[in-house]
Structures are given as C-alpha cells and as structure tokens.
file model16.cif (mmCIF, C-alpha atoms)
data_final
loop_
_atom_site.label_atom_id
_atom_site.label_comp_id
_atom_site.auth_asym_id
_atom_site.auth_seq_id
_atom_site.Cartn_x
_atom_site.Cartn_y
_atom_site.Cartn_z
CA MET O 93 17.86 128.49 77.79
CA GLU O 94 21.66 128.60 77.95
CA LYS O 95 23.42 131.66 76.53
CA ASN O 96 26.05 131.34 73.82
CA LEU O 97 29.34 133.24 73.92
CA THR O 98 27.99 136.19 71.95
CA GLN O 99 25.10 136.54 74.37
CA ILE O 100 27.49 136.19 77.31
CA GLN O 101 29.67 138.97 75.90
CA LYS O 102 26.59 141.20 75.63
CA GLU O 103 25.41 140.39 79.14
CA VAL O 104 28.83 141.20 80.62
CA ASP O 105 28.99 144.44 78.63
CA HIS O 106 25.56 145.42 79.91
CA TRP O 107 26.69 144.80 83.51
CA VAL O 108 29.96 146.65 83.03
CA GLN O 109 28.40 149.69 81.34
CA GLN O 110 26.61 150.73 84.51
CA TYR O 111 29.98 151.77 85.98
CA GLU O 112 31.92 154.97 85.44
CA LYS O 113 34.94 153.10 84.15
CA PRO O 114 33.42 150.08 82.38
CA TYR O 115 36.63 148.25 81.47
CA PHE O 116 40.03 148.32 83.11
CA SER O 117 42.89 149.53 80.91
CA PRO O 118 44.33 146.68 78.77
CA LEU O 119 47.38 145.97 80.95
CA SER O 120 45.23 146.22 84.07
CA MET O 121 42.87 143.59 82.63
CA MET O 122 45.95 141.51 81.92
CA ALA O 123 47.10 141.76 85.55
CA ALA O 124 43.58 140.82 86.68
CA LEU O 125 43.70 137.76 84.42
CA MET O 126 47.04 136.76 85.98
CA GLU O 127 45.62 137.15 89.48
CA GLU O 128 42.66 134.89 88.65
CA VAL O 129 44.89 132.28 87.00
CA GLY O 130 47.07 132.33 90.12
CA GLU O 131 44.02 131.49 92.21
CA VAL O 132 43.18 128.57 89.94
CA ALA O 133 46.80 127.43 90.35
CA ARG O 134 46.52 127.56 94.13
CA VAL O 135 43.35 125.45 94.20
CA MET O 136 44.76 122.93 91.70
CA ASN O 137 47.99 122.73 93.71
CA ILE O 138 46.08 121.93 96.90
CA LYS O 139 43.90 119.38 95.10
CA TYR O 140 46.55 117.69 92.95
CA GLY O 141 49.95 118.97 94.05
CA ASP O 142 51.96 119.20 97.22
CA LYS O 143 50.55 122.40 98.65
CA PRO O 144 48.91 121.81 102.03
CA ALA O 145 45.48 123.38 102.52
CA LYS O 146 44.96 126.09 105.05
CA GLY O 147 41.56 126.30 106.67
CA LYS O 148 39.74 128.73 104.46
CA GLU O 149 41.46 127.57 101.31
CA ASP O 150 39.71 124.23 101.77
CA LEU O 151 36.50 126.01 100.98
CA MET O 152 37.83 127.33 97.71
CA ASN O 153 35.95 126.19 94.70
CA LEU O 154 37.70 125.41 91.45
CA GLN O 155 34.55 126.13 89.45
CA GLU O 156 34.35 129.60 90.98
CA GLU O 157 37.98 130.37 90.16
CA ILE O 158 37.56 129.19 86.57
CA GLY O 159 34.48 131.40 86.33
CA ASP O 160 36.64 134.36 87.32
CA VAL O 161 39.15 133.55 84.57
CA LEU O 162 36.35 133.19 82.02
CA PHE O 163 34.96 136.57 83.06
CA SER O 164 38.41 138.14 82.56
CA LEU O 165 38.55 136.68 79.04
CA VAL O 166 35.10 138.06 78.22
CA CYS O 167 36.18 141.52 79.42
CA ILE O 168 39.33 141.45 77.28
CA ALA O 169 37.36 140.31 74.23
CA ASN O 170 34.71 143.00 74.78
CA SER O 171 37.26 145.73 75.33
CA GLU O 172 39.26 144.65 72.27
CA GLY O 173 36.12 144.28 70.21
CA PHE O 174 36.38 140.72 69.01
CA SER O 175 34.15 137.68 69.26
CA LEU O 176 35.06 134.88 71.67
CA ASN O 177 33.09 132.54 69.46
CA ASP O 178 35.33 133.48 66.53
CA ALA O 179 38.35 132.86 68.78
CA TYR O 180 36.93 129.44 69.59
CA LEU O 181 36.21 128.59 65.96
CA GLN O 182 39.72 129.67 65.00
CA LYS O 183 41.13 127.35 67.69
CA ILE O 184 39.04 124.39 66.50
CA GLU O 185 40.19 125.05 62.94
CA LYS O 186 43.81 125.06 64.15
CA LEU O 187 43.32 121.82 66.08
CA ASN O 188 41.85 120.12 63.03
CA ASN O 189 44.72 121.20 60.85
CA ARG O 190 48.07 122.14 62.37
CA ASP O 191 47.73 120.04 65.50
CA SER O 192 45.86 117.08 64.09
CA SER O 193 48.92 114.82 64.10
CA ARG O 194 50.59 116.24 67.18
CA PHE O 195 49.25 113.70 69.67
CA LYS O 196 49.08 109.94 69.40
CA LYS O 197 45.67 108.71 68.36
CA LYS O 198 43.93 105.66 69.77
CA GLU O 199 44.54 102.62 67.60
CA GLU O 200 41.76 101.63 65.31
CA LYS O 201 40.37 98.15 65.75
CA MET J 540 23.94 128.46 64.73
CA GLU J 541 26.39 129.42 67.48
CA LYS J 542 27.21 126.80 70.11
CA ASN J 543 26.69 127.48 73.81
CA LEU J 544 29.30 126.57 76.43
CA THR J 545 27.80 123.14 77.09
CA GLN J 546 27.96 122.33 73.38
CA ILE J 547 31.51 123.68 73.21
CA GLN J 548 32.52 121.45 76.11
CA LYS J 549 31.06 118.46 74.28
CA GLU J 550 32.75 119.34 70.99
CA VAL J 551 36.15 119.67 72.68
CA ASP J 552 35.64 116.38 74.51
CA HIS J 553 34.79 114.69 71.25
CA TRP J 554 37.98 116.05 69.64
CA VAL J 555 40.11 115.09 72.62
CA GLN J 556 38.74 111.56 72.95
CA GLN J 557 40.29 110.49 69.67
CA TYR J 558 43.72 110.59 71.35
CA GLU J 559 45.36 108.00 73.55
CA LYS J 560 45.72 110.42 76.43
CA PRO J 561 42.68 112.68 76.06
CA TYR J 562 43.44 115.18 78.83
CA PHE J 563 46.76 116.24 80.32
CA SER J 564 47.17 115.58 84.04
CA PRO J 565 45.68 118.41 86.15
CA LEU J 566 48.96 120.19 86.91
CA SER J 567 50.05 119.76 83.31
CA MET J 568 46.84 121.45 82.14
CA MET J 569 47.61 124.18 84.66
CA ALA J 570 51.08 124.72 83.18
CA ALA J 571 49.54 124.80 79.69
CA LEU J 572 47.08 127.47 80.87
CA MET J 573 50.00 129.53 82.21
CA GLU J 574 51.87 129.22 78.92
CA GLU J 575 48.85 130.47 76.97
CA VAL J 576 48.25 133.35 79.39
CA GLY J 577 51.90 134.28 78.98
CA GLU J 578 51.39 134.51 75.24
CA VAL J 579 48.40 136.78 75.72
CA ALA J 580 50.60 138.91 78.01
CA ARG J 581 53.28 139.18 75.33
CA VAL J 582 50.84 140.34 72.67
CA MET J 583 49.14 142.82 75.02
CA ASN J 584 52.55 144.13 76.11
CA ILE J 585 53.56 144.77 72.51
CA LYS J 586 50.20 146.38 71.73
CA TYR J 587 49.75 148.46 74.89
CA GLY J 588 52.98 148.29 76.86
CA ASP J 589 56.63 149.03 76.33
CA LYS J 590 57.72 145.77 74.74
CA PRO J 591 59.09 146.32 71.25
CA ALA J 592 57.80 143.95 68.58
CA LYS J 593 60.10 141.55 66.86
CA GLY J 594 59.28 140.63 63.30
CA LYS J 595 57.20 137.53 63.68
CA GLU J 596 55.57 138.73 66.87
CA ASP J 597 53.97 141.50 64.87
CA LEU J 598 51.92 138.83 63.20
CA MET J 599 50.61 137.50 66.48
CA ASN J 600 46.91 137.69 66.89
CA LEU J 601 45.35 138.50 70.24
CA GLN J 602 42.13 136.72 69.28
CA GLU J 603 44.08 133.55 68.57
CA GLU J 604 45.89 133.69 71.92
CA ILE J 605 42.64 134.25 73.80
CA GLY J 606 41.18 131.27 71.93
CA ASP J 607 44.03 129.16 73.28
CA VAL J 608 43.29 130.27 76.84
CA LEU J 609 39.58 129.54 76.37
CA PHE J 610 40.43 126.07 75.08
CA SER J 611 42.58 125.44 78.18
CA LEU J 612 39.65 126.41 80.40
CA VAL J 613 37.32 124.07 78.53
CA CYS J 614 39.79 121.20 78.98
CA ILE J 615 40.10 121.84 82.73
CA ALA J 616 36.32 122.03 83.12
CA ASN J 617 35.84 118.82 81.12
CA SER J 618 38.54 116.96 83.00
CA GLU J 619 37.19 118.15 86.35
CA GLY J 620 33.63 117.39 85.30
CA PHE J 621 31.95 120.72 85.84
CA SER J 622 29.95 123.05 83.64
CA LEU J 623 31.54 126.28 82.39
CA ASN J 624 28.06 127.69 82.07
CA ASP J 625 27.48 127.04 85.77
CA ALA J 626 30.83 128.74 86.47
CA TYR J 627 29.65 131.72 84.46
CA LEU J 628 26.26 131.88 86.18
CA GLN J 629 27.98 131.68 89.57
CA LYS J 630 30.20 134.61 88.57
CA ILE J 631 27.24 136.72 87.42
CA GLU J 632 25.46 135.96 90.68
CA LYS J 633 28.57 137.08 92.60
CA LEU J 634 28.83 140.28 90.55
CA ASN J 635 25.21 141.12 91.21
CA ASN J 636 25.60 140.62 94.92
CA ARG J 637 29.02 140.83 96.56
CA ASP J 638 30.58 143.12 93.98
CA SER J 639 27.58 145.25 93.12
CA SER J 640 28.84 148.24 95.12
CA ARG J 641 32.54 147.70 94.55
CA PHE J 642 32.91 150.07 91.60
CA LYS J 643 31.58 153.57 91.19
CA LYS J 644 28.41 153.71 89.14
CA LYS J 645 27.62 156.31 86.54
CA GLU J 646 25.58 159.13 87.97
CA GLU J 647 21.92 159.12 87.22
CA LYS J 648 20.55 162.08 85.41
CA MET I 397 83.82 136.64 92.83
CA GLU I 398 80.03 136.12 92.76
CA LYS I 399 77.79 139.18 93.04
CA ASN I 400 75.17 139.46 95.76
CA LEU I 401 71.62 140.66 95.06
CA THR I 402 72.44 144.29 95.79
CA GLN I 403 75.32 144.18 93.31
CA ILE I 404 73.09 142.42 90.77
CA GLN I 405 70.46 145.15 91.14
CA LYS I 406 73.15 147.77 90.49
CA GLU I 407 74.55 145.94 87.48
CA VAL I 408 71.10 145.63 85.91
CA ASP I 409 70.36 149.29 86.59
CA HIS I 410 73.64 150.25 84.95
CA TRP I 411 72.75 148.20 81.85
CA VAL I 412 69.21 149.56 81.70
CA GLN I 413 70.22 153.21 82.14
CA GLN I 414 71.93 153.29 78.74
CA TYR I 415 68.49 153.21 77.08
CA GLU I 416 66.06 156.04 76.49
CA LYS I 417 63.32 154.34 78.46
CA PRO I 418 65.23 152.43 81.15
CA TYR I 419 62.33 150.58 82.77
CA PHE I 420 58.99 149.55 81.31
CA SER I 421 55.93 151.01 83.02
CA PRO I 422 54.88 148.94 86.07
CA LEU I 423 52.05 147.01 84.39
CA SER I 424 54.23 146.46 81.34
CA MET I 425 56.93 144.93 83.56
CA MET I 426 54.16 142.80 85.07
CA ALA I 427 53.10 141.55 81.64
CA ALA I 428 56.76 140.80 80.84
CA LEU I 429 57.05 138.79 84.05
CA MET I 430 53.93 136.82 83.09
CA GLU I 431 55.36 136.10 79.66
CA GLU I 432 58.62 134.79 81.13
CA VAL I 433 56.78 132.65 83.70
CA GLY I 434 54.72 131.24 80.84
CA GLU I 435 57.92 130.18 79.11
CA VAL I 436 59.13 128.44 82.27
CA ALA I 437 55.74 126.69 82.39
CA ARG I 438 56.13 125.48 78.81
CA VAL I 439 59.58 124.00 79.43
CA MET I 440 58.51 122.37 82.71
CA ASN I 441 55.41 120.95 80.99
CA ILE I 442 57.52 119.37 78.27
CA LYS I 443 60.02 118.00 80.78
CA TYR I 444 57.61 116.80 83.49
CA GLY I 445 54.10 117.06 82.09
CA ASP I 446 52.15 115.82 79.12
CA LYS I 447 53.09 118.46 76.58
CA PRO I 448 54.90 116.96 73.60
CA ALA I 449 58.04 118.77 72.49
CA LYS I 450 58.21 120.43 69.13
CA GLY I 451 61.57 120.58 67.47
CA LYS I 452 62.92 123.89 68.57
CA GLU I 453 61.31 123.71 71.99
CA ASP I 454 63.53 120.73 72.69
CA LEU I 455 66.41 123.14 72.67
CA MET I 456 64.83 125.36 75.28
CA ASN I 457 66.78 125.64 78.46
CA LEU I 458 65.07 125.84 81.83
CA GLN I 459 68.02 127.70 83.33
CA GLU I 460 67.73 130.36 80.65
CA GLU I 461 63.99 130.81 81.24
CA ILE I 462 64.50 131.08 84.99
CA GLY I 463 67.20 133.68 84.32
CA ASP I 464 64.63 135.72 82.39
CA VAL I 465 62.19 135.58 85.31
CA LEU I 466 64.95 136.60 87.74
CA PHE I 467 65.82 139.54 85.50
CA SER I 468 62.16 140.63 85.49
CA LEU I 469 62.14 140.55 89.29
CA VAL I 470 65.32 142.64 89.45
CA CYS I 471 63.76 145.22 87.12
CA ILE I 472 60.58 145.45 89.22
CA ALA I 473 62.60 145.81 92.43
CA ASN I 474 64.82 148.48 90.87
CA SER I 475 61.90 150.39 89.43
CA GLU I 476 59.99 150.19 92.72
CA GLY I 477 63.09 151.10 94.70
CA PHE I 478 63.35 148.21 97.10
CA SER I 479 66.03 145.68 97.91
CA LEU I 480 65.65 142.09 96.72
CA ASN I 481 67.90 141.05 99.56
CA ASP I 482 65.45 142.63 102.01
CA ALA I 483 62.64 140.77 100.24
CA TYR I 484 64.59 137.54 100.68
CA LEU I 485 65.34 138.20 104.36
CA GLN I 486 61.66 138.99 104.96
CA LYS I 487 60.71 135.67 103.36
CA ILE I 488 63.21 133.72 105.47
CA GLU I 489 61.87 135.44 108.58
CA LYS I 490 58.33 134.45 107.57
CA LEU I 491 59.37 130.84 106.92
CA ASN I 492 61.01 130.61 110.33
CA ASN I 493 57.94 131.94 112.06
CA ARG I 494 54.53 131.73 110.41
CA ASP I 495 55.27 128.71 108.26
CA SER I 496 57.55 126.78 110.61
CA SER I 497 54.86 124.25 111.50
CA ARG I 498 53.08 124.18 108.15
CA PHE I 499 54.86 121.16 106.71
CA LYS I 500 55.61 117.83 108.34
CA LYS I 501 59.16 117.59 109.65
CA LYS I 502 61.37 114.55 109.37
CA GLU I 503 61.16 112.43 112.50
CA GLU I 504 64.01 112.75 114.90
CA LYS I 505 65.94 109.59 115.61
CA MET G 849 77.39 140.44 105.20
CA GLU G 850 74.93 139.94 102.33
CA LYS G 851 74.61 136.45 100.86
CA ASN G 852 75.13 135.83 97.16
CA LEU G 853 72.77 133.62 95.14
CA THR G 854 74.82 130.47 95.73
CA GLN G 855 74.68 131.05 99.47
CA ILE G 856 70.96 131.79 99.26
CA GLN G 857 70.38 128.52 97.39
CA LYS G 858 72.25 126.68 100.16
CA GLU G 859 70.35 128.42 102.93
CA VAL G 860 66.98 127.59 101.34
CA ASP G 861 68.05 123.98 100.82
CA HIS G 862 69.06 123.74 104.46
CA TRP G 863 65.65 125.07 105.54
CA VAL G 864 63.77 122.77 103.17
CA GLN G 865 65.70 119.63 104.11
CA GLN G 866 64.22 119.58 107.60
CA TYR G 867 60.88 118.51 106.10
CA GLU G 868 59.72 115.08 105.03
CA LYS G 869 59.07 116.24 101.49
CA PRO G 870 61.73 118.91 100.92
CA TYR G 871 60.66 120.07 97.47
CA PHE G 872 57.27 119.97 95.80
CA SER G 873 57.06 117.97 92.57
CA PRO G 874 58.14 120.04 89.54
CA LEU G 875 54.66 120.89 88.29
CA SER G 876 53.55 121.63 91.83
CA MET G 877 56.44 124.10 92.21
CA MET G 878 55.31 125.57 88.89
CA ALA G 879 51.76 126.05 90.19
CA ALA G 880 53.16 127.66 93.35
CA LEU G 881 55.20 130.06 91.21
CA MET G 882 52.05 130.97 89.25
CA GLU G 883 50.16 131.61 92.48
CA GLU G 884 52.89 133.93 93.78
CA VAL G 885 53.11 135.80 90.46
CA GLY G 886 49.34 136.22 90.62
CA GLU G 887 49.70 137.89 94.00
CA VAL G 888 52.33 140.27 92.62
CA ALA G 889 49.87 141.03 89.79
CA ARG G 890 47.11 141.85 92.27
CA VAL G 891 49.26 144.26 94.26
CA MET G 892 50.62 145.94 91.10
CA ASN G 893 47.07 146.23 89.73
CA ILE G 894 45.89 147.99 92.89
CA LYS G 895 48.93 150.27 92.93
CA TYR G 896 49.15 151.10 89.21
CA GLY G 897 46.04 149.72 87.53
CA ASP G 898 42.31 150.02 87.88
CA LYS G 899 41.68 147.44 90.57
CA PRO G 900 40.15 149.01 93.66
CA ALA G 901 41.72 148.00 96.97
CA LYS G 902 39.77 146.05 99.52
CA GLY G 903 40.62 146.65 103.13
CA LYS G 904 43.18 143.98 103.81
CA GLU G 905 44.67 144.17 100.37
CA ASP G 906 45.79 147.68 101.19
CA LEU G 907 48.17 146.15 103.64
CA MET G 908 49.73 143.90 101.04
CA ASN G 909 53.37 144.53 100.45
CA LEU G 910 54.90 144.30 97.02
CA GLN G 911 58.33 143.53 98.46
CA GLU G 912 56.86 140.58 100.34
CA GLU G 913 55.16 139.20 97.23
CA ILE G 914 58.34 139.55 95.18
CA GLY G 915 60.19 137.72 97.96
CA ASP G 916 57.74 134.84 97.56
CA VAL G 917 58.40 134.68 93.82
CA LEU G 918 62.16 134.76 94.42
CA PHE G 919 61.83 131.91 96.90
CA SER G 920 59.89 129.87 94.32
CA LEU G 921 62.69 130.43 91.80
CA VAL G 922 65.31 129.31 94.32
CA CYS G 923 63.32 126.13 95.02
CA ILE G 924 63.02 125.31 91.31
CA ALA G 925 66.75 125.93 90.77
CA ASN G 926 67.66 123.78 93.78
CA SER G 927 65.33 120.98 92.78
CA GLU G 928 66.59 121.06 89.19
CA GLY G 929 70.18 121.30 90.31
CA PHE G 930 71.34 124.44 88.57
CA SER G 931 72.88 127.68 89.72
CA LEU G 932 70.78 130.85 89.77
CA ASN G 933 73.99 132.82 89.46
CA ASP G 934 74.76 130.94 86.23
CA ALA G 935 71.23 131.73 85.05
CA TYR G 936 71.86 135.40 85.80
CA LEU G 937 75.24 135.43 84.05
CA GLN G 938 73.67 133.75 81.02
CA LYS G 939 70.99 136.46 80.94
CA ILE G 940 73.56 139.27 81.17
CA GLU G 941 75.52 137.66 78.36
CA LYS G 942 72.35 137.52 76.26
CA LEU G 943 71.53 141.17 76.99
CA ASN G 944 75.01 142.24 75.96
CA ASN G 945 74.79 140.36 72.69
CA ARG G 946 71.42 139.45 71.21
CA ASP G 947 69.45 142.25 72.82
CA SER G 948 72.08 144.98 72.73
CA SER G 949 70.43 146.78 69.84
CA ARG G 950 66.84 145.97 70.68
CA PHE G 951 66.02 149.16 72.54
CA LYS G 952 66.80 152.73 71.63
CA LYS G 953 69.86 154.07 73.38
CA LYS G 954 70.17 157.53 74.83
CA GLU G 955 71.81 159.87 72.39
CA GLU G 956 75.41 160.66 72.94
CA LYS G 957 76.30 164.28 73.47
#

call {"tool": "encode", "arguments": {"input": "model16.cif", "output": "structure tokens"}}
result
Amino acid sequence: MEKNLTQIQKEVDHWVQQYEKPYFSPLSMMAALMEEVGEVARVMNIKYGDKPAKGKEDLMNLQEEIGDVLFSLVCIANSEGFSLNDAYLQKIEKLNNRDSSRFKKKEEK
Amino acid sequence: MEKNLTQIQKEVDHWVQQYEKPYFSPLSMMAALMEEVGEVARVMNIKYGDKPAKGKEDLMNLQEEIGDVLFSLVCIANSEGFSLNDAYLQKIEKLNNRDSSRFKKKEEK
Amino acid sequence: MEKNLTQIQKEVDHWVQQYEKPYFSPLSMMAALMEEVGEVARVMNIKYGDKPAKGKEDLMNLQEEIGDVLFSLVCIANSEGFSLNDAYLQKIEKLNNRDSSRFKKKEEK
Amino acid sequence: MEKNLTQIQKEVDHWVQQYEKPYFSPLSMMAALMEEVGEVARVMNIKYGDKPAKGKEDLMNLQEEIGDVLFSLVCIANSEGFSLNDAYLQKIEKLNNRDSSRFKKKEEK
C-alpha cells in the first residue's frame, strides 16, 4: 500500500528523530537541496546535453538523484512544519487559475 | 482522501496533456527546477539569512515555493517515465543502509 | 582602463565595507548565489527553452543576471579570503592537464 | 601580469576553440553551471553547515569549485557574445543607485 505525502513526512521524521541533530539548520538544508539539484543537473546534462560521461557517472541514476531532491523537500517541509500535500494542492489550484491560459491548448476537434 | 505520489503523477499528467506541448524538453525542465529552487533560496534567505526583505517579497510563501519545486520533480519523473514513489523507496533503502551510521545517534538511556 | 579580478575584489570590498554587516554569513551568501543562478536559469529558459515569457520577464537581461552571479562569487571569495584570479589560474591549469583529452579536438589538416 | 575579464574571456575562447564543439548548447551550459554551484554548496555546507564530511570530500577545495563556476560564467558570456566586464560595471552601477540605501550603513562618527 503506497504512502501518501503526509505518511512520507511522518516516516522521514521518524527516521530523522533517531539522530542527535534531527534536521540541519534551514540554510544548511537549503545548501543540501542545491547540492542534490546539481547532481540531477549533471545526470540530465550527460543524458540530454553536451556533457561527456566519465566512467562512474555512467552508472548514475536519475531516479536516485530525484529521490534525493524529494527527500530534501520533505526535510524542509518537516522542519518548517507545513504539509507537502497542502503545497501540492496550492500548486494545482494555481495551475487551474492563474496559469490556466498561459500555455497553448490542443485544438478541439 | 489524500493522493499518493502515483496518483499525483497521474493528476499532473492529466493537467499537462491538455496543452500542445505537454512537457518542456529535459534541459528546459531542468532550468525550470533551478528557477524554482532559487525562489526557495530567496525566501529562506530572507527568513533565516541576511537578505533584507523588499515589500512584495515579504508576502512570499515558502510553502508555495516548495510546491513549485515538487511540481517540477513530478514533471521530470513523468517525462522520464519513472515512479517518484520508487525514487522515495530507493532513498529510504539507502538511508537505512549506506547512511545509517553517518550521523550521530541519540544516546540510549 | 579595465580592472582585473584582484582590483574588482578590492572595489567590491570597498563598497561592502560601508555597511554595518559587510558580508552575509557563508550559507546566506550561498543562498544568494542560488537565487541569482535561478534568475539566470529563468532568462535562459525563456530565450532557449520552452518557458513562455511574461511581460516584465521579457525585459530581463541575461548580462545583468550574470553580473549578479559574478558579484556573488566576488563576495564569497572576499569573505573566504582567496583570490578569484588564483581560482581562475587553477582552473586553466586543470583544463590543460586533467581535461585536455576529455573532449574531441578538431581534426588537423 | 594579471589578466582582466576581457583577456580571460579571450583566453577561454582560445582554449575552447580547439575542440569540435567549442561551447555546449545554452541549456547544457546552464545545467553545467547548476552542477558547479551544487559543488560549491556541498563544500560550504561541510565547512559552515551541518553536513558531515566524507573522506574525500574533506579534500575538496572551495577555491577550486568557485573557479569552476567562474569558468561556466565565462563560457556563457562568450557564447552569448557579451562582456563580463560590462556585466560587472552594470552591477556596480546598480549597487550605487538602486541598492545604495538597501542595507544599513555604519554610523558616522
């Protein structure tokens, strides 16, 4: 049974709470997020851009790097005390209103 | 009833498919992710760092910016055809193995 | 007469020293760098990627955004006490050695 | 004799022109910039944040990582055909006007 975002936030908090310093300081979490996004950028640049692969970078896995970014987001949300599901719902609401005419829709037949 | 990540990926795909160009090209999605992360950085830097707030930036909402980053991740996962839930499970597996002794645990009583 | 990097570092330090808190804390400078890089990403994504321009973003200037990133680098180098020119020379040295065979050279005639 | 930014741009162009594909595509240069900024973030997070160092990361050099970011900026400026020195002068102009009252100045005696 797949967890939803609220359950994921709880699971991560449970894991993190076993450590002396559960969450990094806010700007340290921010730097960690940047590091993970940089690793996604490297893999995407090898796969779709002009960056040549080195040996071990070939083994890099985009899914794994995206998982690291997602984990960083969960940590920020937990530390800040908000719900990622609320963040998602707010985004969907914004897409359905403010951005609904921003992109060109497929023509109706 | 809260959606899980698989349902969120489907909902985003449904929204995106109404447009002529559903997903940005991979490196364009990557640049969009960077832009959103930069906006999170700005809000965190005003809240926790030394950046002074300007008027309208005071109104910025960290939850909203994190929602934008999450949406970017969902788009990359959809476009690449992998499961964010699998990415999450892979991360948890890595935390429970490779990283389990990386941080100092609370002392047992 | 154009300034070199050492003179630029001094000029920025002179400007910054007129303020009560001359440099942001290290992780706050890092967040500022991320924000500026995010703005470069937005402009590049509008110019070369799939992001549609909004009105005022059309007026954004890539040169200006790159100038902001450069300024962030100068501040980090000043605050950390190293020379950007040394950083540049170290990079050129690395390019001429480690990376000299990484990319395919033009064929000689 | 230290090079100025115009001379640095020329030197990098000279190095790059020996290769079949001198510059990455714009969004690929953007991804490379993100990757390098991510590496700066990692080193800063170990030095000033809560990220524990692994063995080889201890050897990482902030100056080297900043040199990589600077090189990425030079490549973007060269590929886009603008002057980094102009970008710097534009930034200084902005600091002396728009931002001159943004931060609190030291009190005069």

call {"tool": "residues_near_point", "arguments": {"input": "model16.cif", "point": "(50.7, 132.1, 82.5)", "cutoff": "7 Å", "atoms": "all atoms listed in the file", "output": "compact mmCIF listing (two decimals) with C-alpha atoms, in the coordinates of the input"}}
result
# COMPACT_ATOMS: atom_id res chain seq x y z
CA MET O 126 47.04 136.76 85.98
CA LEU J 572 47.08 127.47 80.87
CA MET J 573 50.00 129.53 82.21
CA GLU J 574 51.87 129.22 78.92
CA GLU J 575 48.85 130.47 76.97
CA VAL J 576 48.25 133.35 79.39
CA GLY J 577 51.90 134.28 78.98
CA MET I 430 53.93 136.82 83.09
CA GLU I 431 55.36 136.10 79.66
CA VAL I 433 56.78 132.65 83.70
CA GLY I 434 54.72 131.24 80.84
CA MET G 882 52.05 130.97 89.25

call {"tool": "axis_aligned_box", "arguments": {"input": "model16.cif", "around": "segment 153-158 of chain O", "padding_each_side": "6 Å", "output": "AutoDock Vina command-line options"}}
result
--center_x 36.2 --center_y 127.9 --center_z 90.6 --size_x 15.6 --size_y 17.0 --size_z 20.1

call {"tool": "interface_residues", "arguments": {"input": "model16.cif", "of": "chain J", "to": "chain G", "cutoff": "8 Å", "atoms": "all atoms listed in the file", "output": "JSON, numbers by chain"}}
result
{"J": [566, 567, 569, 570, 573, 591, 641, 642]}

call {"tool": "residues_around", "arguments": {"input": "model16.cif", "residues": "segment 163-173 of chain O", "least_positions_apart": "3", "cutoff": "7 Å", "atoms": "only C-alpha atoms", "output": "list in words"}}
result
Gln101, Tyr115, Met121, Leu125, Gly159, Asp160 and Leu176 of chain O

call {"tool": "atom_distance", "arguments": {"input": "model16.cif", "atom1": "atom CA of Ile585 of chain J", "atom2": "atom CA of Tyr896 of chain G"}}
result
18.4 Å

call {"tool": "residues_around", "arguments": {"input": "model16.cif", "residues": "Glu460 of chain I", "least_positions_apart": "3", "cutoff": "10 Å", "atoms": "all atoms listed in the file", "output": "PyMOL selection string"}}
result
(chain I and resi 435-436+456-457+463-466) or (chain G and resi 932+934-939+942)

call {"tool": "residues_around", "arguments": {"input": "model16.cif", "residues": "Thr854 of chain G", "least_positions_apart": "2", "cutoff": "7 Å", "atoms": "all atoms listed in the file", "output": "list in words"}}
result
Asn852, Ile856, Gln857, Lys858, Ser931 and Asn933 of chain G

call {"tool": "resolve_selection", "arguments": {"input": "model16.cif", "expression": "the PyMOL selection byres ((chain J and resi 557) around 12)", "output": "list of chain:residue names"}}
result
O:Asn188, O:Ser192, O:Ser193, O:Phe195, O:Lys196, O:Lys197, O:Lys198, O:Glu199, O:Glu200, J:Glu550, J:Val551, J:Asp552, J:His553, J:Trp554, J:Val555, J:Gln556, J:Tyr558, J:Glu559, J:Lys560, J:Pro561, J:Tyr562

call {"tool": "closest_residue", "arguments": {"input": "model16.cif", "among": "G:Gln911, G:Asn945, G:Phe930, G:Ile940", "to": "Leu853 of chain G", "atoms": "all atoms listed in the file"}}
result
G:Phe930

call {"tool": "atom_distance", "arguments": {"input": "model16.cif", "atom1": "atom CA of Met136 of chain O", "atom2": "atom CA of Ser873 of chain G"}}
result
13.3 Å
